[in-house]
$ cat model.pdb   # PDB, C-alpha atoms
ATOM      1  CA  MET A   1       0.395  -8.841  -5.594
ATOM      2  CA  LEU A   2      -1.839  -7.661  -2.759
ATOM      3  CA  LEU A   3      -0.017  -4.332  -2.662
ATOM      4  CA  LEU A   4      -0.400  -3.787  -6.423
ATOM      5  CA  GLU A   5      -4.070  -4.735  -6.301
ATOM      6  CA  GLN A   6      -4.728  -2.304  -3.452
ATOM      7  CA  ILE A   7      -2.874   0.454  -5.296
ATOM      8  CA  LEU A   8      -5.185  -0.088  -8.279
ATOM      9  CA  ASN A   9      -8.195  -0.105  -5.956
ATOM     10  CA  GLY A  10      -6.914   3.139  -4.462
ATOM     11  CA  LEU A  11      -6.592   4.681  -7.921
ATOM     12  CA  GLN A  12     -10.154   3.673  -8.760
ATOM     13  CA  TYR A  13     -11.498   5.224  -5.557
ATOM     14  CA  SER A  14      -9.331   8.297  -6.172
ATOM     15  CA  ALA A  15     -10.851   8.658  -9.649
ATOM     16  CA  LEU A  16     -14.355   8.661  -8.144
ATOM     17  CA  LEU A  17     -13.363  11.260  -5.554
ATOM     18  CA  PHE A  18     -11.656  13.434  -8.164
ATOM     19  CA  LEU A  19     -14.675  13.438 -10.491
ATOM     20  CA  LEU A  20     -16.784  14.732  -7.621
ATOM     21  CA  ALA A  21     -14.227  17.012  -5.956
ATOM     22  CA  SER A  22     -13.026  18.726  -9.130
ATOM     23  CA  GLY A  23     -16.496  19.954 -10.052
ATOM     24  CA  LEU A  24     -17.280  20.968  -6.487
ATOM     25  CA  THR A  25     -14.042  22.897  -5.993
ATOM     26  CA  LEU A  26     -14.506  24.588  -9.375
ATOM     27  CA  ILE A  27     -17.981  25.758  -8.342
ATOM     28  CA  PHE A  28     -16.708  27.022  -5.007
ATOM     29  CA  GLY A  29     -13.657  28.666  -6.528
ATOM     30  CA  ILE A  30     -15.664  30.571  -9.141
ATOM     31  CA  MET A  31     -18.914  31.298  -7.334
ATOM     32  CA  GLY A  32     -17.970  31.044  -3.676
ATOM     33  CA  VAL A  33     -20.976  28.766  -3.051
ATOM     34  CA  ILE A  34     -20.912  25.971  -0.484
ATOM     35  CA  ASN A  35     -22.936  23.390  -2.389
ATOM     36  CA  LEU A  36     -24.121  20.568  -0.142
ATOM     37  CA  ALA A  37     -26.348  19.362  -2.985
ATOM     38  CA  HIS A  38     -23.397  18.294  -5.137
ATOM     39  CA  GLY A  39     -23.906  14.634  -4.246
ATOM     40  CA  ALA A  40     -27.502  14.821  -5.487
ATOM     41  CA  PHE A  41     -26.297  15.191  -9.088
ATOM     42  CA  TYR A  42     -24.107  12.118  -8.622
ATOM     43  CA  MET A  43     -27.214  10.241  -7.462
ATOM     44  CA  VAL A  44     -29.266  11.562 -10.397
ATOM     45  CA  GLY A  45     -26.576  10.378 -12.817
ATOM     46  CA  ALA A  46     -26.496   6.903 -11.278
ATOM     47  CA  PHE A  47     -30.305   6.517 -11.372
ATOM     48  CA  CYS A  48     -30.577   7.811 -14.941
ATOM     49  CA  ALA A  49     -27.824   5.445 -16.055
ATOM     50  CA  ALA A  50     -29.288   2.397 -14.319
ATOM     51  CA  TYR A  51     -32.894   2.844 -15.453
ATOM     52  CA  THR A  52     -32.013   3.819 -19.022
ATOM     53  CA  ALA A  53     -29.713   0.810 -19.353
ATOM     54  CA  MET A  54     -32.465  -1.426 -17.951
ATOM     55  CA  ALA A  55     -35.081   0.014 -20.313
ATOM     56  CA  THR A  56     -32.992   0.024 -23.496
ATOM     57  CA  GLY A  57     -30.504  -2.754 -22.844
ATOM     58  CA  SER A  58     -27.724  -0.372 -23.891
ATOM     59  CA  PHE A  59     -24.935   0.316 -21.432
ATOM     60  CA  TRP A  60     -23.706   3.348 -23.381
ATOM     61  CA  LEU A  61     -27.185   4.878 -23.648
ATOM     62  CA  GLY A  62     -27.239   4.649 -19.865
ATOM     63  CA  GLY A  63     -24.037   6.680 -19.763
ATOM     64  CA  LEU A  64     -25.464   9.285 -22.110
ATOM     65  CA  ALA A  65     -28.620   9.504 -19.994
ATOM     66  CA  ALA A  66     -26.494  10.035 -16.879
ATOM     67  CA  LEU A  67     -24.667  12.978 -18.436
ATOM     68  CA  ILE A  68     -27.822  14.557 -19.897
ATOM     69  CA  GLY A  69     -29.903  13.961 -16.778
ATOM     70  CA  SER A  70     -27.370  15.456 -14.374
ATOM     71  CA  ALA A  71     -26.741  18.393 -16.733
ATOM     72  CA  CYS A  72     -30.443  19.205 -17.091
ATOM     73  CA  TYR A  73     -31.103  18.859 -13.385
ATOM     74  CA  GLY A  74     -28.053  20.994 -12.634
ATOM     75  CA  ALA A  75     -29.227  23.704 -15.036
ATOM     76  CA  LEU A  76     -32.676  23.668 -13.425
ATOM     77  CA  ILE A  77     -31.283  23.976  -9.896
ATOM     78  CA  GLU A  78     -28.788  26.683 -10.874
ATOM     79  CA  THR A  79     -31.287  28.900 -12.657
ATOM     80  CA  SER A  80     -34.057  28.478 -10.086
ATOM     81  CA  ILE A  81     -32.154  28.367  -6.775
ATOM     82  CA  MET A  82     -28.385  28.837  -6.948
ATOM     83  CA  ARG A  83     -28.541  32.219  -8.699
ATOM     84  CA  ARG A  84     -30.313  33.616  -5.672
ATOM     85  CA  LEU A  85     -27.509  32.474  -3.363
ATOM     86  CA  TYR A  86     -24.398  33.944  -4.971
ATOM     87  CA  LYS A  87     -24.572  37.155  -2.950
ATOM     88  CA  ARG A  88     -25.955  35.556   0.211
ATOM     89  CA  ASP A  89     -23.856  34.429   3.158
ATOM     90  CA  HIS A  90     -22.665  30.854   3.596
ATOM     91  CA  LEU A  91     -25.372  29.976   6.128
ATOM     92  CA  ASP A  92     -28.084  30.696   3.553
ATOM     93  CA  GLN A  93     -26.177  28.637   0.987
ATOM     94  CA  VAL A  94     -25.851  25.679   3.352
ATOM     95  CA  LEU A  95     -29.539  25.723   4.294
ATOM     96  CA  ALA A  96     -30.749  26.126   0.700
ATOM     97  CA  THR A  97     -28.533  23.413  -0.763
ATOM     98  CA  LEU A  98     -29.408  21.089   2.126
ATOM     99  CA  ALA A  99     -33.054  21.595   1.169
ATOM    100  CA  VAL A 100     -32.124  20.651  -2.411
ATOM    101  CA  VAL A 101     -30.694  17.378  -1.058
ATOM    102  CA  PHE A 102     -33.980  16.471   0.653
ATOM    103  CA  PHE A 103     -35.993  17.575  -2.363
ATOM    104  CA  SER A 104     -33.825  15.499  -4.732
ATOM    105  CA  ASN A 105     -34.166  12.388  -2.583
ATOM    106  CA  GLU A 106     -37.962  12.680  -2.521
ATOM    107  CA  LEU A 107     -38.158  13.539  -6.226
ATOM    108  CA  LEU A 108     -36.208  10.440  -7.243
ATOM    109  CA  THR A 109     -38.306   8.356  -4.868
ATOM    110  CA  LEU A 110     -41.483   9.577  -6.590
ATOM    111  CA  ILE A 111     -40.064   8.956 -10.070
ATOM    112  CA  PHE A 112     -38.165   5.692  -9.603
ATOM    113  CA  GLY A 113     -39.473   4.257  -6.332
ATOM    114  CA  ARG A 114     -37.457   3.013  -3.378
ATOM    115  CA  SER A 115     -36.297  -0.287  -4.867
ATOM    116  CA  PRO A 116     -32.614   0.086  -5.804
ATOM    117  CA  PRO A 117     -32.064  -0.728  -9.492
ATOM    118  CA  ALA A 118     -29.342  -3.060 -10.734
ATOM    119  CA  MET A 119     -27.219  -1.556 -13.497
ATOM    120  CA  PRO A 120     -26.967  -4.083 -16.368
ATOM    121  CA  THR A 121     -23.517  -4.281 -17.932
ATOM    122  CA  PRO A 122     -22.142  -5.989 -21.046
ATOM    123  CA  GLU A 123     -20.155  -9.167 -20.577
ATOM    124  CA  TRP A 124     -16.839  -7.539 -21.444
ATOM    125  CA  TYR A 125     -17.369  -4.853 -18.795
ATOM    126  CA  SER A 126     -17.633  -7.490 -16.053
ATOM    127  CA  SER A 127     -14.595  -9.433 -17.251
ATOM    128  CA  PHE A 128     -11.042  -9.439 -15.903
ATOM    129  CA  VAL A 129      -7.778  -8.628 -17.620
ATOM    130  CA  GLU A 130      -4.233  -9.614 -16.653
ATOM    131  CA  VAL A 131      -2.509  -6.297 -15.884
ATOM    132  CA  LEU A 132       0.629  -8.042 -14.608
ATOM    133  CA  PRO A 133       1.680 -11.692 -14.572
ATOM    134  CA  GLY A 134      -0.544 -13.346 -11.988
ATOM    135  CA  LEU A 135      -2.657 -10.244 -11.319
ATOM    136  CA  MET A 136      -6.158 -10.278 -12.793
ATOM    137  CA  TYR A 137      -8.099  -7.029 -12.418
ATOM    138  CA  PRO A 138     -11.678  -6.027 -13.353
ATOM    139  CA  VAL A 139     -12.083  -4.149 -16.633
ATOM    140  CA  SER A 140     -14.737  -1.932 -15.005
ATOM    141  CA  ARG A 141     -12.276  -0.604 -12.429
ATOM    142  CA  LEU A 142      -9.573  -0.019 -15.042
ATOM    143  CA  LEU A 143     -12.055   2.003 -17.111
ATOM    144  CA  PHE A 144     -12.903   4.014 -13.995
ATOM    145  CA  ILE A 145      -9.214   4.827 -13.524
ATOM    146  CA  GLY A 146      -8.930   5.738 -17.207
ATOM    147  CA  ALA A 147     -11.983   8.019 -16.990
ATOM    148  CA  GLY A 148     -10.485   9.852 -14.028
ATOM    149  CA  LEU A 149      -7.196  10.291 -15.865
ATOM    150  CA  LEU A 150      -8.914  11.603 -19.006
ATOM    151  CA  VAL A 151     -10.963  14.083 -16.975
ATOM    152  CA  ALA A 152      -7.845  15.299 -15.164
ATOM    153  CA  VAL A 153      -5.999  15.901 -18.456
ATOM    154  CA  GLY A 154      -9.090  17.431 -20.042
ATOM    155  CA  MET A 155      -9.605  19.857 -17.171
ATOM    156  CA  TRP A 156      -5.952  20.899 -17.289
ATOM    157  CA  LEU A 157      -6.273  21.630 -20.999
ATOM    158  CA  LEU A 158      -9.603  23.404 -20.520
ATOM    159  CA  ILE A 159      -8.479  25.658 -17.685
ATOM    160  CA  ASN A 160      -5.022  26.485 -18.998
ATOM    161  CA  HIS A 161      -5.357  26.434 -22.794
ATOM    162  CA  THR A 162      -8.836  27.637 -23.763
ATOM    163  CA  ARG A 163     -10.682  30.939 -23.708
ATOM    164  CA  LEU A 164     -13.314  29.455 -21.423
ATOM    165  CA  GLY A 165     -10.567  28.418 -19.030
ATOM    166  CA  MET A 166      -9.181  31.950 -19.128
ATOM    167  CA  LEU A 167     -12.625  33.297 -18.191
ATOM    168  CA  ILE A 168     -12.946  30.733 -15.411
ATOM    169  CA  ARG A 169      -9.587  31.719 -13.933
ATOM    170  CA  ALA A 170     -10.367  35.418 -14.307
ATOM    171  CA  GLY A 171     -13.805  34.954 -12.777
ATOM    172  CA  ALA A 172     -12.270  33.212  -9.782
ATOM    173  CA  ASP A 173      -9.896  36.155  -9.237
ATOM    174  CA  ASP A 174     -12.306  39.062  -9.850
ATOM    175  CA  HIS A 175     -15.746  38.295 -11.261
ATOM    176  CA  GLU A 176     -16.859  41.921 -11.034
ATOM    177  CA  MET A 177     -14.048  43.067 -13.337
ATOM    178  CA  VAL A 178     -14.785  40.223 -15.758
ATOM    179  CA  GLY A 179     -18.408  41.322 -15.867
ATOM    180  CA  ALA A 180     -17.376  44.940 -16.443
ATOM    181  CA  LEU A 181     -15.378  43.794 -19.491
ATOM    182  CA  GLY A 182     -18.538  42.500 -21.150
ATOM    183  CA  VAL A 183     -18.578  38.839 -20.124
ATOM    184  CA  ASN A 184     -22.005  37.471 -19.245
ATOM    185  CA  ILE A 185     -21.260  36.360 -15.681
ATOM    186  CA  ALA A 186     -24.650  34.699 -15.198
ATOM    187  CA  ARG A 187     -24.081  32.522 -18.263
ATOM    188  CA  LEU A 188     -20.522  31.700 -17.146
ATOM    189  CA  TYR A 189     -21.797  30.667 -13.708
ATOM    190  CA  THR A 190     -24.456  28.448 -15.264
ATOM    191  CA  LEU A 191     -21.904  26.843 -17.569
ATOM    192  CA  VAL A 192     -19.470  26.126 -14.743
ATOM    193  CA  PHE A 193     -22.207  24.755 -12.493
ATOM    194  CA  VAL A 194     -23.590  22.478 -15.216
ATOM    195  CA  PHE A 195     -20.068  21.295 -16.051
ATOM    196  CA  GLY A 196     -19.592  20.291 -12.419
ATOM    197  CA  CYS A 197     -22.916  18.440 -12.534
ATOM    198  CA  VAL A 198     -21.867  16.594 -15.706
ATOM    199  CA  LEU A 199     -18.753  15.365 -13.882
ATOM    200  CA  CYS A 200     -21.069  14.123 -11.121
ATOM    201  CA  GLY A 201     -23.189  12.357 -13.734
ATOM    202  CA  LEU A 202     -20.096  10.677 -15.170
ATOM    203  CA  ALA A 203     -19.096   9.540 -11.685
ATOM    204  CA  GLY A 204     -22.609   8.181 -11.119
ATOM    205  CA  PHE A 205     -22.531   6.282 -14.418
ATOM    206  CA  MET A 206     -19.141   4.742 -13.663
ATOM    207  CA  ALA A 207     -20.076   3.893 -10.072
ATOM    208  CA  ALA A 208     -23.536   2.447 -10.812
ATOM    209  CA  PRO A 209     -22.268  -1.041 -11.798
ATOM    210  CA  LEU A 210     -19.867  -1.162  -8.833
ATOM    211  CA  LEU A 211     -21.856   0.362  -5.972
ATOM    212  CA  SER A 212     -25.437   0.209  -4.779
ATOM    213  CA  VAL A 213     -27.682   2.692  -6.605
ATOM    214  CA  GLU A 214     -29.971   3.977  -3.869
ATOM    215  CA  ILE A 215     -31.669   7.064  -2.499
ATOM    216  CA  GLY A 216     -29.221   9.104  -0.447
ATOM    217  CA  MET A 217     -26.086   7.655  -2.044
ATOM    218  CA  GLY A 218     -24.813  11.179  -2.715
ATOM    219  CA  GLU A 219     -24.642  12.125   0.958
ATOM    220  CA  LYS A 220     -22.447   9.127   1.745
ATOM    221  CA  ILE A 221     -19.674  10.253  -0.580
ATOM    222  CA  LEU A 222     -20.134  14.009  -0.169
ATOM    223  CA  ILE A 223     -18.405  14.268   3.222
ATOM    224  CA  THR A 224     -15.328  12.479   1.886
ATOM    225  CA  THR A 225     -15.412  14.780  -1.135
ATOM    226  CA  PHE A 226     -15.244  17.810   1.150
ATOM    227  CA  VAL A 227     -12.322  16.199   2.979
ATOM    228  CA  VAL A 228     -10.529  15.831  -0.358
ATOM    229  CA  ILE A 229     -11.073  19.521  -1.133
ATOM    230  CA  VAL A 230      -9.814  20.641   2.269
ATOM    231  CA  VAL A 231      -6.735  18.408   2.023
ATOM    232  CA  GLY A 232      -5.912  19.519  -1.504
ATOM    233  CA  GLY A 233      -6.746  23.198  -1.041
ATOM    234  CA  VAL A 234     -10.115  24.915  -1.406
ATOM    235  CA  GLY A 235     -10.700  26.230  -4.913
ATOM    236  CA  SER A 236      -7.778  24.350  -6.482
ATOM    237  CA  VAL A 237      -8.409  21.694  -9.131
ATOM    238  CA  ARG A 238      -4.774  20.532  -8.832
ATOM    239  CA  GLY A 239      -5.336  20.257  -5.114
ATOM    240  CA  ALA A 240      -8.486  18.196  -5.713
ATOM    241  CA  LEU A 241      -6.433  15.739  -7.763
ATOM    242  CA  VAL A 242      -3.689  15.448  -5.154
ATOM    243  CA  GLY A 243      -6.207  15.220  -2.313
ATOM    244  CA  ALA A 244      -8.209  12.528  -4.125
ATOM    245  CA  LEU A 245      -5.076  10.450  -4.721
ATOM    246  CA  LEU A 246      -3.975  10.782  -1.103
ATOM    247  CA  ILE A 247      -7.350   9.959   0.453
ATOM    248  CA  GLY A 248      -8.030   7.156  -2.034
ATOM    249  CA  MET A 249      -4.702   5.484  -1.384
ATOM    250  CA  VAL A 250      -4.928   5.825   2.393
ATOM    251  CA  ASP A 251      -8.414   4.299   2.393
ATOM    252  CA  SER A 252      -7.494   1.385   0.124
ATOM    253  CA  LEU A 253      -4.195   0.517   1.797
ATOM    254  CA  GLY A 254      -5.732   0.982   5.236
ATOM    255  CA  ARG A 255      -8.485  -1.553   4.494
ATOM    256  CA  ALA A 256      -5.874  -4.077   3.365
ATOM    257  CA  TYR A 257      -3.212  -3.689   6.032
ATOM    258  CA  ILE A 258      -4.713  -2.230   9.223
ATOM    259  CA  PRO A 259      -6.852  -5.297  10.202
ATOM    260  CA  PRO A 260      -4.051  -7.899   9.935
ATOM    261  CA  LEU A 261      -1.612  -5.557  11.683
ATOM    262  CA  LEU A 262      -3.932  -5.005  14.644
ATOM    263  CA  ASP A 263      -4.764  -8.713  14.765
ATOM    264  CA  GLN A 264      -1.093  -9.363  15.516
ATOM    265  CA  LEU A 265      -0.856  -6.642  18.162
ATOM    266  CA  LEU A 266      -4.188  -6.889  19.978
ATOM    267  CA  PRO A 267      -6.695  -9.537  21.096
ATOM    268  CA  SER A 268      -9.205 -10.472  18.420
ATOM    269  CA  GLU A 269     -12.197  -9.115  20.392
ATOM    270  CA  THR A 270     -10.768  -5.569  20.302
ATOM    271  CA  SER A 271      -8.748  -5.545  17.083
ATOM    272  CA  GLY A 272     -11.810  -5.831  14.824
ATOM    273  CA  THR A 273     -13.624  -2.876  16.359
ATOM    274  CA  LEU A 274     -10.496  -0.735  16.493
ATOM    275  CA  SER A 275      -9.463  -1.497  12.913
ATOM    276  CA  ALA A 276     -12.953  -0.659  11.616
ATOM    277  CA  GLY A 277     -12.837   2.643  13.482
ATOM    278  CA  LEU A 278      -9.384   3.517  12.188
ATOM    279  CA  ILE A 279     -10.357   2.736   8.602
ATOM    280  CA  SER A 280     -13.483   4.903   8.877
ATOM    281  CA  ALA A 281     -11.495   7.746  10.443
ATOM    282  CA  SER A 282      -8.447   7.491   8.179
ATOM    283  CA  ALA A 283      -9.541  10.324   5.859
ATOM    284  CA  TYR A 284     -10.153  12.656   8.800
ATOM    285  CA  ILE A 285      -6.827  11.741  10.393
ATOM    286  CA  VAL A 286      -5.066  12.602   7.133
ATOM    287  CA  MET A 287      -6.980  15.886   6.945
ATOM    288  CA  ALA A 288      -5.992  16.813  10.497
ATOM    289  CA  LEU A 289      -2.323  16.037   9.858
ATOM    290  CA  VAL A 290      -2.282  18.010   6.609
ATOM    291  CA  LEU A 291      -3.953  21.032   8.206
ATOM    292  CA  LEU A 292      -1.419  21.023  11.033
ATOM    293  CA  VAL A 293       1.370  21.473   8.483
ATOM    294  CA  ARG A 294      -0.470  23.266   5.656
ATOM    295  CA  PRO A 295      -3.537  25.102   7.009
ATOM    296  CA  ARG A 296      -4.670  26.091   3.482
ATOM    297  CA  GLY A 297      -4.195  22.596   2.062
ATOM    298  CA  LEU A 298      -1.461  20.984   0.006
ATOM    299  CA  LEU A 299      -1.992  22.986  -3.206
ATOM    300  CA  PRO A 300      -4.268  25.927  -2.386
ATOM    301  CA  ALA A 301      -5.619  28.237  -5.044
ATOM    302  CA  ARG A 302      -3.529  31.348  -5.565
ATOM    303  CA  ALA A 303      -4.818  34.277  -3.548
TER     304      ALA A 303
END

$ encode --input "model.pdb" --output "C-alpha cells"
Amino acid sequence: MLLLEQILNGLQYSALLFLLASGLTLIFGIMGVINLAHGAFYMVGAFCAAYTAMATGSFWLGGLAALIGSACYGALIETSIMRRLYKRDHLDQVLATLAVVFFSNELLTLIFGRSPPAMPTPEWYSSFVEVLPGLMYPVSRLLFIGAGLLVAVGMWLLINHTRLGMLIRAGADDHEMVGALGVNIARLYTLVFVFGCVLCGLAGFMAAPLLSVEIGMGEKILITTFVVIVVGGVGSVRGALVGALLIGMVDSLGRAYIPPLLDQLLPSETSGTLSAGLISASAYIVMALVLLVRPRGLLPARA
C-alpha cells in the first residue's frame, strides 16, 4: 500500500509541475523568452484564491479569482515589460524578469500583508476516499491529479486540433513568416503568455489548500520547474509532461524509500543527513543523467 500511495503522491506532484512547466515551455518555445517571473503568477493565483475564498466563503469563487487574477496580472506584465524583451538577449530577459519577481513579492506584501492566509475548503474537499481496498486517499490530491490530466488532454487538443494551435506551432517555427501572412504576432504572444499565466493560477488555486500560501512561494517551485523543462526538452509540451512525471515520481518515491534504506546501511547519525541531501538533489541527479544520454532532453521540440 505504501508504494501505491507514493505513486499517487508522485502523480499529484507531477500534476503541479506540469501545470507550471507546460505554460513556461510554451512561452519559451513561442517567444524565446527566459521568464524567471513565471512563479510569480503561481503565487498571485494562490493569494487571490485564498483571500477570495476567505472573504466570500466560496471555494469555487476562490478558484475563479485565481484564474482571473493571474490572467490580468500576466496581461499587465506582458504588455508593459515582456514586449520590450522579445528582441533582447537572454541576459536582459533574465534581469528584467528577476526584477518582476522582486516587484511581485513587494506588491503582494503591500496588498495582502506578510501573514500567510489559510485557504478555507469545503468539508468534502478535505475528506478521504477509498481508491483501493485498504487505501484511503485525500479527495484534494485526486482532484489535483485529475486537473493535471485534463490540462494535458486539453493542451494536446488545443495545439494539434485547433487553428490557434496551428498558429502557435507555426509561430514557434518561424514567427516572422507567420507575421508576414497577416497574423497579429503581438496579439498571439499576449494570448500565449496569458494562457501560461492562467495555468499558473490554476496551479496556485489547487496548491493553496495543500501548501503554505506565502510571499516567495513561486521561487521555491520555479527551479524544479526549469529542471522539468530541461529533462523533458526545452520548448516541448510533451517533454514537459514526461519530465514532470519523471521528476514527480523520483521525488515521491525517494522520500519514501531512501531514508529507510540508508538507515539499514549507515549509522543513524549520518543516514539522516545523507538521505535529506539525496532527496533534495534527486531532481538534479536525474537531470544530469538524462543530459548525459540525451543532451536536448527526452522529447525535445522539433528543430

$ atom_distance --input "model.pdb" --atom1 "CA of Ala49 in chain A" --atom2 "CA of Gly29 in chain A"
28.8 Å

$ residues_near_point --input "model.pdb" --point "(-34.3, 27.1, 0.0)" --cutoff "12 Å" --atoms "all atoms listed in the file" --output "ChimeraX atom specification"
/A:37,77,80-85,88,91-103

$ atom_distance --input "model.pdb" --atom1 "CA of Ala118 in chain A" --atom2 "CA of Pro209 in chain A"
7.4 Å

$ residues_near_point --input "model.pdb" --point "(-20.7, 12.6, 3.8)" --cutoff "12 Å" --atoms "only C-alpha atoms" --output "list in words"
Leu17, Leu36, Ala37, His38, Gly39, Ala40, Gly216, Met217, Gly218, Glu219, Lys220, Ile221, Leu222, Ile223, Thr224, Thr225, Phe226, Val227, Val228, Ser280, Ala283 and Tyr284 of chain A

$ residues_around --input "model.pdb" --residues "range 193-208 of chain A" --least-positions-apart "5" --cutoff "7 Å" --atoms "only C-alpha atoms" --output "PyMOL selection string"
chain A and resi 16+19-20+23-24+27+41-46+49-50+63+66-67+70-71+74-75+119+144+213

$ closest_residue --input "model.pdb" --among "A:Leu2, A:Val290, A:Leu108, A:Leu157" --to "Gly243 in chain A" --atoms "only C-alpha atoms"
A:Val290

$ atom_distance --input "model.pdb" --atom1 "CA of Gly113 in chain A" --atom2 "CA of Arg141 in chain A"
28.3 Å

$ decode --input "model.pdb" --residues "range 139-151 of chain A" --atoms "C-alpha atoms" --output "compact mmCIF listing (two decimals), in the first residue's frame"
# COMPACT_ATOMS: atom_id res chain seq x y z
CA VAL A 139 -10.01 13.92 -2.38
CA SER A 140 -7.99 17.14 -2.78
CA ARG A 141 -4.98 15.27 -4.16
CA LEU A 142 -7.12 13.17 -6.50
CA LEU A 143 -8.68 16.36 -7.89
CA PHE A 144 -5.18 17.76 -8.38
CA ILE A 145 -4.24 14.68 -10.42
CA GLY A 146 -7.47 14.99 -12.40
CA ALA A 147 -6.81 18.68 -13.11
CA GLY A 148 -3.35 17.87 -14.43
CA LEU A 149 -4.75 15.14 -16.66
CA LEU A 150 -7.48 17.41 -18.04
CA VAL A 151 -4.96 20.16 -18.79
